[in-house]
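Below is run_27.cif, which holds mmCIF, C-alpha atoms and all ligand atoms.
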```cif
data_final
#
loop_
_atom_site.label_atom_id
_atom_site.label_comp_id
_atom_site.auth_asym_id
_atom_site.auth_seq_id
_atom_site.Cartn_x
_atom_site.Cartn_y
_atom_site.Cartn_z
CA MET A 289 17.72 35.12 -10.76
CA PRO A 290 14.71 33.67 -8.91
CA ASN A 291 12.96 30.81 -10.65
CA SER A 292 9.73 32.33 -12.00
CA THR A 293 8.21 29.13 -13.43
CA PRO A 294 4.86 28.71 -11.70
CA ARG A 295 4.39 25.44 -9.83
CA LYS A 296 2.05 22.98 -11.49
CA SER A 297 -0.79 22.71 -9.00
CA GLY A 298 -4.51 22.00 -9.04
CA LEU A 299 -6.35 18.75 -9.70
CA PHE A 300 -4.47 15.44 -9.82
CA ILE A 301 -5.82 11.90 -10.06
CA GLY A 302 -4.27 9.04 -8.09
CA LEU A 303 -4.89 5.44 -9.16
CA MET A 304 -4.15 2.52 -6.89
CA SER A 305 -4.70 -1.18 -7.22
CA GLY A 306 -3.17 -2.75 -4.15
CA THR A 307 -2.00 -6.18 -3.13
CA SER A 308 -5.56 -7.20 -2.19
CA VAL A 309 -6.59 -6.65 -5.87
CA ASP A 310 -10.03 -5.63 -4.59
CA GLY A 311 -10.65 -2.88 -7.21
CA ILE A 312 -9.06 0.24 -8.67
CA ASP A 313 -9.20 3.16 -6.26
CA ALA A 314 -9.31 6.49 -8.11
CA ALA A 315 -9.00 9.74 -6.16
CA LEU A 316 -9.29 13.28 -7.46
CA VAL A 317 -7.13 15.46 -5.23
CA ARG A 318 -6.64 19.23 -5.22
CA ILE A 319 -3.00 19.88 -4.41
CA ASP A 320 -0.87 22.96 -4.02
CA ASP A 321 2.06 23.84 -1.78
CA GLU A 322 -0.25 24.71 1.11
CA SER A 323 -2.92 22.03 1.04
CA ILE A 324 -4.04 18.58 -0.03
CA GLN A 325 -7.79 18.11 -0.40
CA LEU A 326 -9.60 14.97 -1.45
CA ALA A 327 -12.17 16.27 -3.95
CA HIS A 328 -13.83 13.12 -5.25
CA THR A 329 -13.38 9.35 -5.11
CA TYR A 330 -14.46 6.40 -7.20
CA THR A 331 -13.82 2.65 -7.09
CA HIS A 332 -13.73 0.77 -10.37
CA ASN A 333 -14.59 -2.86 -9.80
CA LEU A 334 -12.40 -5.51 -11.39
CA PRO A 335 -14.03 -8.55 -12.99
CA GLU A 336 -13.81 -11.44 -10.48
CA GLN A 337 -11.94 -13.60 -12.95
CA LEU A 338 -9.30 -10.92 -13.45
CA THR A 339 -8.83 -10.53 -9.69
CA ALA A 340 -8.34 -14.29 -9.39
CA GLU A 341 -5.87 -14.31 -12.28
CA LEU A 342 -3.87 -11.41 -10.81
CA HIS A 343 -3.75 -13.21 -7.47
CA ARG A 344 -2.37 -16.28 -9.24
CA LEU A 345 0.06 -14.20 -11.27
CA SER A 346 1.55 -12.59 -8.17
CA LEU A 347 2.26 -16.02 -6.68
CA SER A 348 3.10 -18.27 -9.59
CA GLU A 349 6.74 -19.10 -10.29
CA THR A 350 6.00 -19.52 -13.98
CA PHE A 351 3.60 -17.46 -16.03
CA CYS A 352 3.25 -16.98 -19.76
CA VAL A 353 5.00 -13.80 -20.98
CA ASP A 354 2.29 -13.30 -23.62
CA ARG A 355 -0.36 -13.26 -20.92
CA ILE A 356 1.59 -10.76 -18.79
CA GLY A 357 1.79 -8.51 -21.86
CA GLN A 358 -1.94 -8.81 -22.39
CA LEU A 359 -2.71 -8.13 -18.72
CA HIS A 360 -0.48 -5.04 -18.88
CA ARG A 361 -2.71 -3.67 -21.69
CA ILE A 362 -5.99 -4.86 -20.10
CA LEU A 363 -5.11 -3.09 -16.84
CA GLY A 364 -4.01 0.02 -18.75
CA ASP A 365 -7.51 0.13 -20.27
CA LEU A 366 -9.16 -0.37 -16.89
CA PHE A 367 -7.04 2.35 -15.23
CA ALA A 368 -8.03 4.71 -18.07
CA GLU A 369 -11.70 3.77 -17.63
CA ALA A 370 -11.46 4.35 -13.89
CA SER A 371 -10.04 7.86 -14.50
CA LEU A 372 -12.70 8.68 -17.10
CA CYS A 373 -15.54 7.50 -14.82
CA LEU A 374 -14.12 9.56 -11.94
CA MET A 375 -13.87 12.69 -14.12
CA GLN A 376 -17.37 12.14 -15.54
CA GLN A 377 -18.91 11.68 -12.08
CA CYS A 378 -17.53 14.94 -10.76
CA GLY A 379 -17.73 16.94 -13.99
CA ALA A 380 -13.96 17.50 -14.25
CA SER A 381 -12.67 17.80 -17.82
CA MET A 382 -9.33 16.41 -19.00
CA THR A 383 -7.96 19.94 -19.36
CA GLU A 384 -8.60 20.62 -15.68
CA VAL A 385 -6.60 17.61 -14.48
CA VAL A 386 -2.87 18.34 -14.41
CA ALA A 387 -1.78 14.69 -14.29
CA ILE A 388 -2.72 11.17 -13.33
CA GLY A 389 -0.42 9.25 -10.99
CA SER A 390 -0.85 5.52 -11.60
CA HIS A 391 0.79 3.02 -9.26
CA GLY A 392 -0.08 -0.01 -11.40
CA GLN A 393 -0.55 -3.54 -10.17
CA THR A 394 2.40 -5.14 -8.44
CA ILE A 395 2.89 -8.63 -9.80
CA ARG A 396 6.26 -9.32 -8.16
CA HIS A 397 8.37 -7.56 -5.56
CA ARG A 398 11.87 -8.90 -4.93
CA PRO A 399 13.63 -5.96 -3.28
CA ASP A 400 16.73 -7.89 -2.22
CA ALA A 401 19.35 -9.31 -4.57
CA VAL A 402 19.90 -13.03 -4.10
CA GLY A 403 23.48 -13.97 -4.93
CA SER A 404 24.10 -12.74 -8.45
CA ALA A 405 20.35 -12.39 -9.17
CA PRO A 406 19.50 -8.69 -9.00
CA ALA A 407 16.62 -7.21 -7.03
CA PHE A 408 13.56 -6.15 -9.01
CA THR A 409 10.02 -4.94 -8.61
CA TRP A 410 7.33 -5.11 -11.26
CA GLN A 411 4.12 -3.12 -11.63
CA ILE A 412 1.90 -3.57 -14.70
CA GLY A 413 -0.88 -1.38 -16.20
CA ASP A 414 0.21 0.37 -19.38
CA ALA A 415 0.57 4.11 -18.78
CA HIS A 416 0.76 4.85 -22.55
CA THR A 417 -2.79 3.52 -22.78
CA ILE A 418 -3.91 5.64 -19.82
CA ALA A 419 -2.46 8.85 -21.34
CA GLN A 420 -3.84 8.01 -24.79
CA LYS A 421 -7.36 7.18 -23.63
CA THR A 422 -7.81 9.95 -21.08
CA GLY A 423 -5.91 12.74 -22.82
CA VAL A 424 -4.25 13.45 -19.46
CA THR A 425 -0.49 13.36 -18.82
CA THR A 426 0.21 10.25 -16.78
CA VAL A 427 3.00 9.53 -14.33
CA ALA A 428 3.78 5.86 -13.63
CA ASP A 429 6.63 3.46 -12.81
CA PHE A 430 7.23 5.13 -9.45
CA ARG A 431 9.42 2.45 -7.93
CA GLY A 432 12.09 1.67 -10.54
CA ARG A 433 14.42 4.58 -9.90
CA ASP A 434 14.54 4.05 -6.15
CA LEU A 435 15.52 0.43 -6.74
CA ALA A 436 18.22 1.56 -9.18
CA ALA A 437 19.51 3.91 -6.46
CA GLY A 438 19.95 0.96 -4.12
CA GLY A 439 16.61 1.21 -2.32
CA GLN A 440 13.85 -1.26 -1.54
CA ALA A 441 11.49 0.63 -3.92
CA ALA A 442 8.87 0.48 -1.16
CA PRO A 443 7.18 1.85 0.76
CA LEU A 444 6.83 5.22 -0.99
CA ALA A 445 3.71 6.45 0.79
CA PRO A 446 5.77 7.71 3.80
CA LEU A 447 6.61 10.83 1.72
CA PHE A 448 2.91 11.57 1.43
CA HIS A 449 2.32 10.75 5.10
CA ARG A 450 4.90 13.41 6.00
CA ALA A 451 3.18 15.93 3.72
CA LEU A 452 -0.14 15.12 5.42
CA LEU A 453 1.14 15.52 8.94
CA GLY A 454 2.99 18.72 8.16
CA GLU A 455 6.55 19.90 8.43
CA THR A 456 6.87 19.82 12.21
CA GLN A 457 4.63 17.12 13.58
CA SER A 458 5.38 13.75 15.11
CA GLY A 459 3.18 10.70 14.70
CA VAL A 460 2.96 7.29 13.10
CA VAL A 461 0.93 6.46 9.99
CA LEU A 462 0.10 2.77 9.74
CA ASN A 463 -1.33 1.54 6.43
CA ILE A 464 -3.01 -1.86 6.74
CA GLY A 465 -3.75 -3.12 3.24
CA GLY A 466 -2.82 -6.58 2.01
CA LEU A 467 0.59 -5.88 3.57
CA ALA A 468 1.13 -3.30 6.28
CA ASN A 469 3.58 -0.42 6.35
CA ALA A 470 4.43 2.15 9.00
CA THR A 471 5.84 5.68 8.76
CA ILE A 472 7.45 7.03 11.91
CA LEU A 473 7.56 10.81 11.84
CA ASN A 474 9.60 12.77 14.32
CA LYS A 475 9.12 16.56 14.20
CA GLY A 476 8.53 16.47 10.44
CA GLN A 477 11.38 14.05 9.69
CA ILE A 478 10.80 10.48 8.54
CA ASP A 479 12.76 8.43 11.10
CA HIS A 480 11.68 5.19 9.43
CA GLY A 481 9.23 3.96 6.79
CA PHE A 482 9.00 0.21 6.29
CA ASP A 483 6.68 -2.75 5.73
CA THR A 484 5.84 -4.32 9.09
CA GLY A 485 4.71 -7.60 7.43
CA PRO A 486 1.27 -9.00 6.68
CA GLY A 487 -1.75 -6.71 6.92
CA ASN A 488 -4.97 -8.38 5.80
CA THR A 489 -3.58 -10.80 3.24
CA LEU A 490 -3.25 -13.90 5.46
CA ILE A 491 -6.61 -13.22 7.13
CA ASP A 492 -8.23 -12.82 3.68
CA THR A 493 -6.64 -16.05 2.42
CA TRP A 494 -7.94 -17.95 5.43
CA CYS A 495 -11.42 -16.43 5.01
CA ARG A 496 -11.60 -17.32 1.33
CA GLU A 497 -10.60 -20.87 2.14
CA HIS A 498 -12.95 -21.45 5.09
CA LEU A 499 -15.88 -19.06 4.67
CA ASP A 500 -15.71 -18.50 0.91
CA ARG A 501 -15.74 -14.77 1.70
CA PRO A 502 -13.14 -12.21 0.58
CA PHE A 503 -12.48 -10.93 4.12
CA ASP A 504 -13.52 -11.18 7.77
CA THR A 505 -16.04 -8.36 8.00
CA ASP A 506 -15.18 -6.13 10.97
CA GLY A 507 -13.14 -9.03 12.40
CA GLU A 508 -16.33 -10.70 13.66
CA TRP A 509 -15.20 -14.24 12.86
CA ALA A 510 -11.77 -13.80 14.44
CA ARG A 511 -13.45 -12.39 17.56
CA THR A 512 -15.22 -15.74 18.10
CA GLY A 513 -11.90 -17.64 18.08
CA ASN A 514 -9.20 -18.12 20.70
CA ILE A 515 -5.73 -16.77 20.02
CA GLN A 516 -3.25 -19.66 20.06
CA PRO A 517 -0.07 -18.43 21.82
CA ALA A 518 2.27 -21.22 20.64
CA LEU A 519 1.27 -20.78 17.01
CA LEU A 520 1.54 -17.00 17.30
CA SER A 521 5.03 -17.12 18.76
CA HIS A 522 6.08 -19.61 16.09
CA TRP A 523 4.87 -17.26 13.34
CA LEU A 524 6.49 -14.26 15.02
CA GLY A 525 9.78 -16.17 14.91
CA ASP A 526 9.97 -15.51 11.15
CA ALA A 527 13.21 -13.65 10.39
CA TYR A 528 11.35 -10.84 8.57
CA PHE A 529 9.92 -9.49 11.84
CA ALA A 530 13.34 -9.26 13.52
CA LYS A 531 14.98 -7.57 10.54
CA ALA A 532 15.78 -3.89 11.03
CA PRO A 533 14.48 -1.34 8.48
CA PRO A 534 14.82 -0.54 5.64
CA LYS A 535 12.72 -3.52 4.62
CA SER A 536 9.77 -4.31 2.38
CA THR A 537 7.88 -7.43 1.46
CA GLY A 538 4.96 -8.72 -0.57
CA ARG A 539 2.40 -11.42 -1.19
CA GLU A 540 5.09 -13.55 -2.81
CA TYR A 541 6.40 -14.06 0.74
CA PHE A 542 3.44 -13.75 3.13
CA ASN A 543 0.88 -16.04 1.49
CA HIS A 544 -0.89 -19.35 1.88
CA ASP A 545 2.35 -21.31 1.38
CA TRP A 546 3.98 -19.31 4.18
CA LEU A 547 1.08 -20.19 6.45
CA VAL A 548 1.26 -23.88 5.68
CA ALA A 549 5.05 -24.08 5.76
CA ASN A 550 5.16 -22.29 9.11
CA SER A 551 2.50 -24.29 10.94
CA ALA A 552 3.06 -27.90 12.00
CA SER A 553 -0.59 -28.83 11.58
CA LEU A 554 -3.27 -26.24 11.05
CA SER A 555 -5.94 -28.96 11.20
CA ARG A 556 -5.29 -29.27 14.96
CA TYR A 557 -7.00 -25.94 15.47
CA GLN A 558 -10.51 -24.63 14.94
CA PRO A 559 -10.60 -22.39 11.81
CA ALA A 560 -11.88 -19.49 13.94
CA ASP A 561 -8.87 -19.89 16.26
CA ILE A 562 -6.55 -19.56 13.26
CA ALA A 563 -8.47 -16.44 12.15
CA ALA A 564 -8.03 -14.96 15.64
CA THR A 565 -4.32 -15.86 15.70
CA LEU A 566 -3.69 -14.41 12.23
CA THR A 567 -5.40 -11.18 13.29
CA GLU A 568 -3.18 -11.16 16.38
CA LEU A 569 -0.11 -11.71 14.18
CA THR A 570 -0.93 -8.56 12.20
CA ALA A 571 -1.67 -6.60 15.38
CA VAL A 572 1.51 -7.67 17.21
CA SER A 573 3.84 -7.27 14.21
CA CYS A 574 2.49 -3.77 13.49
CA ALA A 575 2.70 -2.66 17.12
CA GLN A 576 6.14 -4.18 17.73
CA GLY A 577 7.52 -2.79 14.47
CA ILE A 578 6.42 0.68 15.54
CA ILE A 579 7.48 0.52 19.19
CA GLN A 580 10.91 -0.94 18.37
CA ASN A 581 11.66 1.79 15.83
CA ALA A 582 10.05 4.91 17.28
CA SER A 583 12.10 7.17 19.53
CA ALA A 584 9.06 8.28 21.57
CA PRO A 585 5.38 7.34 21.90
CA ALA A 586 3.11 9.09 19.41
CA LYS A 587 -0.36 8.82 17.98
CA ILE A 588 -0.86 6.02 15.45
CA TYR A 589 -3.05 7.06 12.50
CA VAL A 590 -4.31 3.91 10.78
CA CYS A 591 -5.38 3.81 7.12
CA GLY A 592 -6.14 1.12 4.54
CA GLY A 593 -8.88 -1.50 4.67
CA GLY A 594 -7.63 -2.85 8.01
CA ALA A 595 -8.96 0.30 9.69
CA HIS A 596 -12.45 -1.24 9.23
CA ASN A 597 -11.55 -4.38 11.14
CA ALA A 598 -12.74 -3.41 14.65
CA PHE A 599 -11.20 -6.48 16.29
CA LEU A 600 -7.82 -5.83 14.65
CA MET A 601 -7.90 -2.17 15.71
CA GLU A 602 -8.64 -3.19 19.33
CA ARG A 603 -5.75 -5.67 19.33
CA ILE A 604 -3.35 -3.07 17.89
CA GLN A 605 -4.34 -0.71 20.70
CA VAL A 606 -3.76 -3.48 23.29
CA HIS A 607 -0.23 -4.06 21.99
CA SER A 608 0.60 -0.38 21.46
CA GLY A 609 0.21 0.64 25.11
CA VAL A 610 0.55 4.39 25.49
CA TYR A 611 0.52 5.03 21.73
CA GLN A 612 -3.06 6.14 21.02
CA VAL A 613 -4.56 4.34 18.01
CA THR A 614 -6.89 6.32 15.76
CA THR A 615 -7.40 6.69 12.00
CA THR A 616 -6.24 9.20 9.38
CA GLN A 617 -9.77 10.63 9.44
CA GLU A 618 -8.32 12.80 12.25
CA LEU A 619 -5.88 14.25 9.70
CA GLY A 620 -8.80 15.06 7.38
CA ILE A 621 -8.42 12.15 4.93
CA ASN A 622 -10.64 9.10 4.85
CA PRO A 623 -8.44 6.04 5.61
CA ASP A 624 -9.67 4.26 2.48
CA TRP A 625 -8.20 6.91 0.19
CA ILE A 626 -4.72 7.55 1.55
CA GLU A 627 -2.90 5.32 -0.95
CA ALA A 628 -4.70 6.59 -4.06
CA ALA A 629 -4.21 10.16 -2.81
CA ALA A 630 -0.51 9.38 -2.26
CA PHE A 631 -0.05 8.62 -5.96
CA ALA A 632 -1.87 11.83 -6.94
CA TRP A 633 0.58 13.67 -4.69
CA LEU A 634 3.60 11.79 -6.08
CA ALA A 635 2.44 12.80 -9.58
CA TYR A 636 2.28 16.41 -8.36
CA ALA A 637 5.84 16.09 -7.04
CA ARG A 638 7.07 14.55 -10.31
CA MET A 639 5.38 17.20 -12.45
CA ASN A 640 7.25 19.78 -10.39
CA ASP A 641 10.58 17.96 -10.80
CA GLN A 642 10.89 17.22 -7.10
CA ARG A 643 13.44 14.68 -5.92
CA PHE A 644 13.47 12.87 -2.60
CA ASP A 645 15.97 11.62 -0.08
CA LEU A 646 14.52 8.21 0.79
CA HIS A 647 17.49 6.95 2.76
CA SER A 648 15.54 6.53 6.02
CA THR A 649 12.68 4.81 4.22
CA THR A 650 13.85 2.59 1.37
CA GLY A 651 17.58 2.92 2.01
CA SER A 652 18.34 4.41 -1.42
CA GLU A 653 21.19 6.87 -1.92
CA GLY A 654 20.98 10.47 -3.11
CA GLN A 655 18.10 12.59 -4.37
CA VAL A 656 15.74 10.32 -6.27
CA PRO A 657 13.10 11.41 -8.84
CA LEU A 658 10.04 9.15 -8.56
CA GLY A 659 7.96 8.29 -11.61
CA VAL A 660 8.15 8.47 -15.40
CA VAL A 661 6.07 11.05 -17.31
CA TYR A 662 3.91 9.86 -20.23
CA PRO A 663 2.72 13.06 -21.95
CA ALA A 664 -0.94 13.50 -22.96
N1 LIG A 701 -15.25 -4.00 6.89
C1 LIG A 701 -14.08 -4.63 6.85
N2 LIG A 701 -13.76 -5.52 7.81
C2 LIG A 701 -12.59 -6.18 7.81
N3 LIG A 701 -11.65 -6.02 6.86
C3 LIG A 701 -11.92 -5.15 5.88
C4 LIG A 701 -13.13 -4.40 5.81
N4 LIG A 701 -13.07 -3.61 4.71
C5 LIG A 701 -11.89 -3.85 4.11
N5 LIG A 701 -11.19 -4.77 4.80
C6 LIG A 701 -9.88 -5.34 4.49
O1 LIG A 701 -9.12 -4.42 3.74
C7 LIG A 701 -8.59 -5.06 2.57
C8 LIG A 701 -8.42 -4.03 1.48
O2 LIG A 701 -7.60 -3.03 1.95
P1 LIG A 701 -6.85 -2.03 1.01
O3 LIG A 701 -7.80 -1.62 -0.07
O4 LIG A 701 -6.24 -1.00 1.87
O5 LIG A 701 -5.75 -3.00 0.43
P2 LIG A 701 -4.75 -2.80 -0.76
O6 LIG A 701 -4.70 -1.36 -1.16
O7 LIG A 701 -5.10 -3.79 -1.78
O8 LIG A 701 -3.39 -3.26 -0.10
P3 LIG A 701 -1.88 -2.68 -0.08
O9 LIG A 701 -1.86 -1.46 0.78
O10 LIG A 701 -1.15 -3.81 0.55
O11 LIG A 701 -1.49 -2.43 -1.48
C9 LIG A 701 -9.60 -6.15 2.24
O12 LIG A 701 -9.00 -7.17 1.49
C10 LIG A 701 -9.99 -6.59 3.64
O13 LIG A 701 -9.09 -7.51 4.14
C1 LIG A 702 5.76 -3.34 -4.05
C2 LIG A 702 4.42 -2.89 -3.57
O1 LIG A 702 3.50 -2.74 -4.36
N1 LIG A 702 4.31 -2.64 -2.27
C3 LIG A 702 3.11 -2.11 -1.67
C4 LIG A 702 2.44 -3.15 -0.78
O2 LIG A 702 1.26 -2.62 -0.20
C5 LIG A 702 1.60 -2.09 1.09
C6 LIG A 702 3.07 -2.25 1.16
O3 LIG A 702 3.25 -3.42 0.34
C7 LIG A 702 3.86 -1.07 0.52
O4 LIG A 702 5.21 -1.38 0.58
C8 LIG A 702 3.50 -0.85 -0.96
O5 LIG A 702 2.54 0.09 -1.23
C9 LIG A 702 2.49 1.41 -0.77
C10 LIG A 702 1.54 2.20 -1.58
C11 LIG A 702 3.81 2.16 -0.69
O6 LIG A 702 4.69 2.02 -1.53
O7 LIG A 702 3.92 2.95 0.22
#
```

Whole structure, structure tokens version:
Amino acid sequence: MPNSTPRKSGLFIGLMSGTSVDGIDAALVRIDDESIQLAHTYTHNLPEQLTAELHRLSLSETFCVDRIGQLHRILGDLFAEASLCLMQQCGASMTEVVAIGSHGQTIRHRPDAVGSAPAFTWQIGDAHTIAQKTGVTTVADFRGRDLAAGGQAAPLAPLFHRALLGETQSGVVLNIGGLANATILNKGQIDHGFDTGPGNTLIDTWCREHLDRPFDTDGEWARTGNIQPALLSHWLGDAYFAKAPPKSTGREYFNHDWLVANSASLSRYQPADIAATLTELTAVSCAQGIIQNASAPAKIYVCGGGAHNAFLMERIQVHSGVYQVTTTQELGINPDWIEAAAFAWLAYARMNDQRFDLHSTTGSEGQVPLGVVYPA
């Protein structure tokens, strides 16, 4: 007998707070089996102190369990507020929204077991609180099951990138957030989806330290510097770049300590030269990661905050040769909203009991359901 249960489609909210911890992105997305349309967007600012604390939390070896518990609840409240503000702004009621997909805030990502210590990944932001405060069914904890099935638990957005490009198309989607990840699509199949390495995080760290600014606006500072070839090749010698996919990483690896530990003496260089060389590191590692893993040249659709860095985009094009570099705007979705929209779409998939084969992305085995449902 054919399954007559109607698919759950309509309005979904995606919530994303990424590794840059620059605010909660909330996207209202209309989704059905034929189309994905971004209906409304809203960014909920995080108090500066909280951003600083979350940055520290994601790096610190020791942190008070009580405080992690409190931050879990504080973020749950903020994610709920972000959803409520979004709904209020566009006049959507809680009964119209099918579900919220909340990624949470990653505070640690250790996707590889070390000896007898198991792999783990940890996102906080209490989904019970989100469901309770919004009255909307919430899907969260998207990564845990993939890890349990032997996968890296990241990246997950490649599934959404495939849905965006369509069943038959080829192309590469390159997300440049704090970290960067690439999805290589070959006639509708995901050939590979993996983290290429640092996106903006090292550039941001350097900017905060030397300009007291959160990022290098449009790459203007880096453009004034000179790329230092010896330093660049030293950085590119890191084993992560040579590793074959599946692979994923985080700010617990590519951070200020990495920069210092991997550079004989940064004080030998002008700060602007380091900014230029860090931008080049992101550009080269993204381009090489793609070229080494793609079976044929294709268009590269960039998304994430890095798409605003004009200097970085130029350098990616230089290193990508015949691959034409553009943004996901060409696919009809603003590059700033791809990740939040991805979690709306993953909530849609979960609400319709979809499972995924993520073998070519995270390396997990079997058909994996992504996300846990917290009923309204
Ligand atoms: N105009 C701009 N010029 C240069 N860089 C920019 C600009 N706007 C945003 N960015 C960069 O984009 C970053 C934010 O990107 P995004 O919001 O995609 O990151 P994220 O979602 O936190 O990261 P991730 O994808 O790793 O989880 C900022 O920290 C900054 O480095
Ligand atoms: C563990 C974690 O939060 N990883 C993020 C991070 O930010 C970019 C990159 O590293 C990617 O692997 C992932 O996010 C996106 C949304 C993903 O899973 O596809």

Inset, instruction - Set the cut-off to 8 Å, count all atoms listed in the file, and list whatever residues fall near ligand LIG 702 (chain A) as a count of residues only. - result: 33

Inset, instruction - Figure out the distance between CA of Glu322 (chain A) and CA of Thr383 (chain A), please, to one decimal in Å. - result: 22.4 Å

So that each row is one residue of chain A with an atom at most 9 Å from ligand LIG 701 (chain A), can you give its shortest atom pair and the distance in Å to one decimal, using all atoms listed in the file, rows by chain and rising number, as a tab-separated table?
```
residue	atom	partner	partner_atom	distance
A:Met304	CA	A:LIG701	O6	6.9
A:Ser305	CA	A:LIG701	O7	6.0
A:Gly306	CA	A:LIG701	O11	3.2
A:Thr307	CA	A:LIG701	O11	4.1
A:Ser308	CA	A:LIG701	O7	3.5
A:Val309	CA	A:LIG701	O7	5.2
A:Asp310	CA	A:LIG701	O7	6.0
A:Gly311	CA	A:LIG701	O3	7.8
A:Ile312	CA	A:LIG701	O6	8.8
A:Asp313	CA	A:LIG701	O3	7.9
A:Gln393	CA	A:LIG701	O11	8.8
A:Thr394	CA	A:LIG701	O11	8.4
A:Asn463	CA	A:LIG701	O9	6.4
A:Ile464	CA	A:LIG701	O4	5.9
A:Gly465	CA	A:LIG701	O8	3.4
A:Gly466	CA	A:LIG701	O10	3.5
A:Leu467	CA	A:LIG701	O10	4.1
A:Ala468	CA	A:LIG701	O10	6.2
A:Asn469	CA	A:LIG701	O9	7.9
A:Pro486	CA	A:LIG701	O10	8.4
A:Gly487	CA	A:LIG701	O10	7.0
A:Asn488	CA	A:LIG701	O13	4.5
A:Thr489	CA	A:LIG701	O13	6.5
A:Leu490	CA	A:LIG701	O13	8.8
A:Ile491	CA	A:LIG701	O13	6.9
A:Asp492	CA	A:LIG701	O13	5.4
A:Pro502	CA	A:LIG701	O12	6.6
A:Phe503	CA	A:LIG701	O13	4.8
A:Asp504	CA	A:LIG701	C2	5.1
A:Thr505	CA	A:LIG701	N2	3.6
A:Asp506	CA	A:LIG701	N2	3.5
A:Gly507	CA	A:LIG701	C2	5.4
A:Glu508	CA	A:LIG701	N2	8.2
A:Gly538	CA	A:LIG701	O10	7.9
A:Arg539	CA	A:LIG701	O10	8.6
A:Cys591	CA	A:LIG701	O4	7.2
A:Gly592	CA	A:LIG701	O4	3.4
A:Gly593	CA	A:LIG701	O1	3.1
A:Gly594	CA	A:LIG701	O1	4.8
A:Ala595	CA	A:LIG701	C3	7.3
A:His596	CA	A:LIG701	C1	4.5
A:Asn597	CA	A:LIG701	C2	3.9
A:Ala598	CA	A:LIG701	N2	7.2
A:Phe599	CA	A:LIG701	C2	8.6
A:Leu600	CA	A:LIG701	C2	8.3
A:Pro623	CA	A:LIG701	O4	8.3
A:Asp624	CA	A:LIG701	O4	6.3
A:Trp625	CA	A:LIG701	O4	8.3
A:Ile626	CA	A:LIG701	O4	8.7
A:Glu627	CA	A:LIG701	O6	6.9
A:Ala628	CA	A:LIG701	O6	8.5
```

Counting only C-alpha atoms, I want the residues whose atoms come within 10 Å of (6.4, 11.5, -5.7) in the file frame, returned as a CSV table (one decimal) with C-alpha atoms, in the coordinates of the input.
```csv
chain,number,residue,atom,x,y,z
A,389,GLY,CA,-0.4,9.2,-11.0
A,427,VAL,CA,3.0,9.5,-14.3
A,430,PHE,CA,7.2,5.1,-9.4
A,431,ARG,CA,9.4,2.4,-7.9
A,444,LEU,CA,6.8,5.2,-1.0
A,445,ALA,CA,3.7,6.4,0.8
A,447,LEU,CA,6.6,10.8,1.7
A,448,PHE,CA,2.9,11.6,1.4
A,630,ALA,CA,-0.5,9.4,-2.3
A,631,PHE,CA,0.0,8.6,-6.0
A,632,ALA,CA,-1.9,11.8,-6.9
A,633,TRP,CA,0.6,13.7,-4.7
A,634,LEU,CA,3.6,11.8,-6.1
A,635,ALA,CA,2.4,12.8,-9.6
A,636,TYR,CA,2.3,16.4,-8.4
A,637,ALA,CA,5.8,16.1,-7.0
A,638,ARG,CA,7.1,14.6,-10.3
A,639,MET,CA,5.4,17.2,-12.4
A,640,ASN,CA,7.2,19.8,-10.4
A,641,ASP,CA,10.6,18.0,-10.8
A,642,GLN,CA,10.9,17.2,-7.1
A,643,ARG,CA,13.4,14.7,-5.9
A,644,PHE,CA,13.5,12.9,-2.6
A,656,VAL,CA,15.7,10.3,-6.3
A,657,PRO,CA,13.1,11.4,-8.8
A,658,LEU,CA,10.0,9.2,-8.6
A,659,GLY,CA,8.0,8.3,-11.6
```

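Nearest to Asp645 (chain A) of all the residues A:Ile388, A:Leu453, A:Ala437, A:Leu299 is A:Ala437, counting all atoms listed in the file.
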
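Residues surrounding Leu342 (chain A) within 10 Å are A:Thr307, A:Ser308, A:Val309, A:Glu336, A:Gln337, A:Leu338, A:Thr339, A:Ala340, A:Arg344, A:Leu345, A:Ser346, A:Leu347, A:Ser348, A:Ile356, A:Leu359, A:Gln393, A:Thr394, A:Ile395 [all atoms listed in the file; sequence separation below 2 positions excluded].
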
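The two atoms in question, CA of Glu369 (chain A) and CA of Gln325 (chain A), are spaced 22.8 Å apart.
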
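Distances to Ala586 (chain A) were evaluated for A:Ala368, A:Ala532, A:Cys574, A:Val460 using only C-alpha atoms, and the minimum falls at A:Val460.
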
With 3 Å added on each side, what axis-aligned box encloses every listed atom of region 640-644 of chain A? Give the centre and edge lengths in Å to one decimal, as AutoDock Vina command-line options.
```
--center_x 10.4 --center_y 16.3 --center_z -6.7 --size_x 12.2 --size_y 12.9 --size_z 14.2
```

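Straight-line separation from CA of Phe300 (chain A) to CA of Ser648 (chain A): 27.0 Å.
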
Legend entry - 9 Å contact set for Leu646 (chain A), all atoms listed in the file, chain neighbours under 6 positions out, as an MDAnalysis selection string: chainID A and resid 434 439 444 447 478 652:656

Legend entry - Residue neighbourhood Thr425 (chain A), 10 Å, only C-alpha atoms, exclusion window fewer than 6 positions, as a PyMOL selection string: chain A and resi 382-383+385-389+415-416+418-419+635+639+661-664

Legend entry - Contact residues around Leu547 (chain A) with only C-alpha atoms at 12 Å, ignoring same-chain residues under 6 positions, as an MDAnalysis selection string: chainID A and resid 486 489:491 493:494 519:520 522:524 526 539 541 553:554 562:563 565:566 569

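In this comparison, which uses only C-alpha atoms, the residue of A:Ala530, A:Leu452, A:Ala428, A:Ala314 approaching Leu619 (chain A) most closely is A:Leu452.
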